[in-house]
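K.L.:
I have a structure I would like to understand better, so I am pasting it below and will then ask my questions one at a time.
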Amino acid sequence: MKNNNKNCCKQKPIIKLPAGKKLCNTHFTEYFENKVFKTIRQFDLIGKEENLGIALSGGKDSLTLLHLLNKLSKQNKKIKLTAILIDEGIKGYRGKTTEIAKKFCKKNKVPLKIYSFEEEFGISLDDMLKTLDVKPCTICGIFRRYLLNKKSKELKFTKLATGHNLDDETQSILMNQFKNNIQASARLGPKSGVKDNKNFVQRIKPLYLCAEKEVATYAFVNNLLDNFTECPNILKSYRAQVRDMLNNFELKNEGTKHAIANSFLDILPKLKEKFKDGKINFCKKCGEPSAKEKCNKCKLIDKMKKSEKK
Ligand code: SF4
Ligand SMILES: [Zn+2]
Ligand SMILES: [Zn+2]
């Protein structure tokens, strides 16, 4: 095969990067892994000794993350990994992804902890949706965030790594902007939350600078999973609208997502400074950190109880 200067080598290219360079399977894998490990170093995401939690969903992002952090953990035995999966109770989706996650963890010898909405709150997400007139992803996010933080504290994780990629992050930045909720953006970035705060376990996003297309390609060429399953509720979300708009825009103006993330990283320290934590409040009902007297999770539980009584 002809090797023009846009191609990495004589092998068949499998992906074109925004800068125009086309990479083969081997060189793409090398490029992707270097990028993730560089992100970890650049933003000081992982220390020499960690009890790391990995939020696993069974999708391409979190499996890729686990696969890469497992490589790191094999090189440094002081980095301990535990995967944590939240089963929200979404029919036709969560069962399949939980099986994928279980098999993956078994094969990679990483312990997996599973917690379900049903066991922890007595009700699945599907059943919550029958009584609550709130978008599925809003409810799911509130309950999942609560459980992840609570369980991460119980499991004494030093940090919780999530599979958020460049697309997720740029969507969140735009969503907060469109909803005039810039305060929420102060909590974004490759490293969110506060270190050494016993109420929150710090979140880290090693795939922060990797586009969704790159993560999907990496997962596919490295045989991490054979089919992509998407939660059916995503189609009803505000995020899906922003995702489609951004994808269309990226198609016509390559490099837009990177530009959004890079300019955001420039202003992030100022945002964090502006909204730096004052006093942390705690929910009067469950004791978890909350901006108001009662946290959003407890408010939704009360709402469901009220509608049961009617
Ligand atoms: S798409 Fe929405 S409902 Fe489905 S898992 Fe994600 S946040 Fe939850
Ligand atoms: Zn090559
Ligand atoms: Zn509460």
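Ordered as shown in the structure tokens, chains take letters A, B, and onward, while each chain numbers its residues from 1 and ligands are numbered from 1 in the order shown.
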Name all residues at most 8 Å from A:Ala211 (count only C-alpha atoms; drop same-chain ones fewer than 3 positions away) and give them as a list in words.

P.N.:
Asn165, Leu166, Asp167, Glu214 and Val215 of chain A

K.L.:
Per residue of chain A within 9 Å of ligand 3, what are the shortest atom pair and its distance in Å to one decimal, counting only C-alpha atoms and all ligand atoms, with rows by chain and residue number, as a tab-separated table?

P.N.:
```
residue	atom	partner	partner_atom_place_in_ligand_line	distance
A:Tyr146	CA	ligand 3	1 (Zn)	8.8
A:Phe282	CA	ligand 3	1 (Zn)	7.8
A:Cys283	CA	ligand 3	1 (Zn)	4.6
A:Lys284	CA	ligand 3	1 (Zn)	6.6
A:Lys285	CA	ligand 3	1 (Zn)	4.9
A:Cys286	CA	ligand 3	1 (Zn)	4.1
A:Gly287	CA	ligand 3	1 (Zn)	6.1
A:Glu288	CA	ligand 3	1 (Zn)	5.9
A:Pro289	CA	ligand 3	1 (Zn)	7.9
A:Ser290	CA	ligand 3	1 (Zn)	7.4
A:Glu293	CA	ligand 3	1 (Zn)	8.4
A:Lys294	CA	ligand 3	1 (Zn)	5.4
A:Cys295	CA	ligand 3	1 (Zn)	4.2
A:Asn296	CA	ligand 3	1 (Zn)	6.8
A:Lys297	CA	ligand 3	1 (Zn)	5.7
A:Cys298	CA	ligand 3	1 (Zn)	4.3
A:Lys299	CA	ligand 3	1 (Zn)	7.4
```

K.L.:
List every residue of stretch 154-242 of chain A that DSSP, applied to the backbone of this structure, places in strand (DSSP E or B), and write the result as a PyMOL selection string.

P.N.:
chain A and resi 159-161+191-192+203-204

K.L.:
I'd like a table as a tab-separated table: residues in chain A with an atom no more than 6 Å from ligand 2, each row giving the shortest atom pair and its distance in Å to one decimal, only C-alpha atoms and all ligand atoms counted, sorted by chain and rising residue number.

P.N.:
```
residue	atom	partner	partner_atom_place_in_ligand_line	distance
A:Cys8	CA	ligand 2	1 (Zn)	4.3
A:Cys9	CA	ligand 2	1 (Zn)	4.1
A:Gln11	CA	ligand 2	1 (Zn)	5.4
A:Leu23	CA	ligand 2	1 (Zn)	5.3
A:Cys24	CA	ligand 2	1 (Zn)	4.2
A:Thr26	CA	ligand 2	1 (Zn)	5.9
A:His27	CA	ligand 2	1 (Zn)	4.5
```

K.L.:
Since we have the selection now, will you write its residues out, keeping C-alpha atoms, as a tab-separated table (two decimals), in the first residue's frame?

P.N.:
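Result went into out.tsv, see below:
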```
chain	number	residue	atom	x	y	z
A	8	CYS	CA	1.40	6.53	9.84
A	9	CYS	CA	2.95	3.58	7.99
A	11	GLN	CA	-0.47	-0.71	7.22
A	23	LEU	CA	-3.39	5.69	11.83
A	24	CYS	CA	-3.25	1.90	11.48
A	26	THR	CA	-1.00	-0.74	15.93
A	27	HIS	CA	-0.15	2.95	15.79
```

K.L.:
Select the residues contacting ligand 1 at a distance of at most 8 Å, based on only C-alpha atoms and all ligand atoms, then format the selection as a PyMOL selection string.

P.N.:
chain A and resi 88+90+125+136-141+230-235+237

K.L.:
Could you write out the selected residues, including N, CA and C atoms, as a PDB file, in the first residue's frame?

P.N.:
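That gives us selection.pdb:
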```pdb
ATOM      1  N   GLU A  88     -29.467   0.175  37.870  1.00  0.00           N
ATOM      2  CA  GLU A  88     -30.598   1.100  38.095  1.00  0.00           C
ATOM      3  C   GLU A  88     -31.930   0.372  37.959  1.00  0.00           C
ATOM      4  N   ILE A  90     -33.070  -1.082  34.557  1.00  0.00           N
ATOM      5  CA  ILE A  90     -33.575  -0.616  33.259  1.00  0.00           C
ATOM      6  C   ILE A  90     -33.751  -1.858  32.381  1.00  0.00           C
ATOM      7  N   LEU A 125     -35.416   1.970  38.715  1.00  0.00           N
ATOM      8  CA  LEU A 125     -35.628   3.200  37.946  1.00  0.00           C
ATOM      9  C   LEU A 125     -36.897   3.075  37.094  1.00  0.00           C
ATOM     10  N   PRO A 136     -36.002  10.607  32.810  1.00  0.00           N
ATOM     11  CA  PRO A 136     -35.292   9.436  33.349  1.00  0.00           C
ATOM     12  C   PRO A 136     -33.837   9.715  33.720  1.00  0.00           C
ATOM     13  N   CYS A 137     -33.113  10.429  32.843  1.00  0.00           N
ATOM     14  CA  CYS A 137     -31.677  10.638  33.119  1.00  0.00           C
ATOM     15  C   CYS A 137     -31.462  11.538  34.331  1.00  0.00           C
ATOM     16  N   THR A 138     -32.406  12.448  34.591  1.00  0.00           N
ATOM     17  CA  THR A 138     -32.282  13.322  35.764  1.00  0.00           C
ATOM     18  C   THR A 138     -32.405  12.470  37.025  1.00  0.00           C
ATOM     19  N   ILE A 139     -33.429  11.615  37.063  1.00  0.00           N
ATOM     20  CA  ILE A 139     -33.627  10.759  38.243  1.00  0.00           C
ATOM     21  C   ILE A 139     -32.435   9.813  38.392  1.00  0.00           C
ATOM     22  N   CYS A 140     -32.088   9.175  37.309  1.00  0.00           N
ATOM     23  CA  CYS A 140     -30.988   8.194  37.307  1.00  0.00           C
ATOM     24  C   CYS A 140     -29.699   8.833  37.832  1.00  0.00           C
ATOM     25  N   GLY A 141     -29.396  10.040  37.328  1.00  0.00           N
ATOM     26  CA  GLY A 141     -28.166  10.729  37.728  1.00  0.00           C
ATOM     27  C   GLY A 141     -28.154  11.029  39.214  1.00  0.00           C
ATOM     28  N   GLU A 230     -26.959   0.664  23.990  1.00  0.00           N
ATOM     29  CA  GLU A 230     -27.210   2.009  24.513  1.00  0.00           C
ATOM     30  C   GLU A 230     -28.483   1.986  25.353  1.00  0.00           C
ATOM     31  N   CYS A 231     -28.477   2.733  26.448  1.00  0.00           N
ATOM     32  CA  CYS A 231     -29.664   2.796  27.294  1.00  0.00           C
ATOM     33  C   CYS A 231     -30.816   3.433  26.502  1.00  0.00           C
ATOM     34  N   PRO A 232     -31.993   2.817  26.501  1.00  0.00           N
ATOM     35  CA  PRO A 232     -33.100   3.372  25.707  1.00  0.00           C
ATOM     36  C   PRO A 232     -33.527   4.765  26.170  1.00  0.00           C
ATOM     37  N   ASN A 233     -33.256   5.098  27.440  1.00  0.00           N
ATOM     38  CA  ASN A 233     -33.696   6.400  27.970  1.00  0.00           C
ATOM     39  C   ASN A 233     -32.907   7.585  27.427  1.00  0.00           C
ATOM     40  N   ILE A 234     -31.726   7.317  26.864  1.00  0.00           N
ATOM     41  CA  ILE A 234     -30.887   8.430  26.385  1.00  0.00           C
ATOM     42  C   ILE A 234     -31.633   9.253  25.328  1.00  0.00           C
ATOM     43  N   LEU A 235     -32.470   8.592  24.553  1.00  0.00           N
ATOM     44  CA  LEU A 235     -33.169   9.294  23.461  1.00  0.00           C
ATOM     45  C   LEU A 235     -34.119  10.374  23.981  1.00  0.00           C
ATOM     46  N   SER A 237     -33.431  12.317  26.470  1.00  0.00           N
ATOM     47  CA  SER A 237     -32.690  13.294  27.284  1.00  0.00           C
ATOM     48  C   SER A 237     -32.300  14.561  26.526  1.00  0.00           C
TER      49      SER A 237
END
```
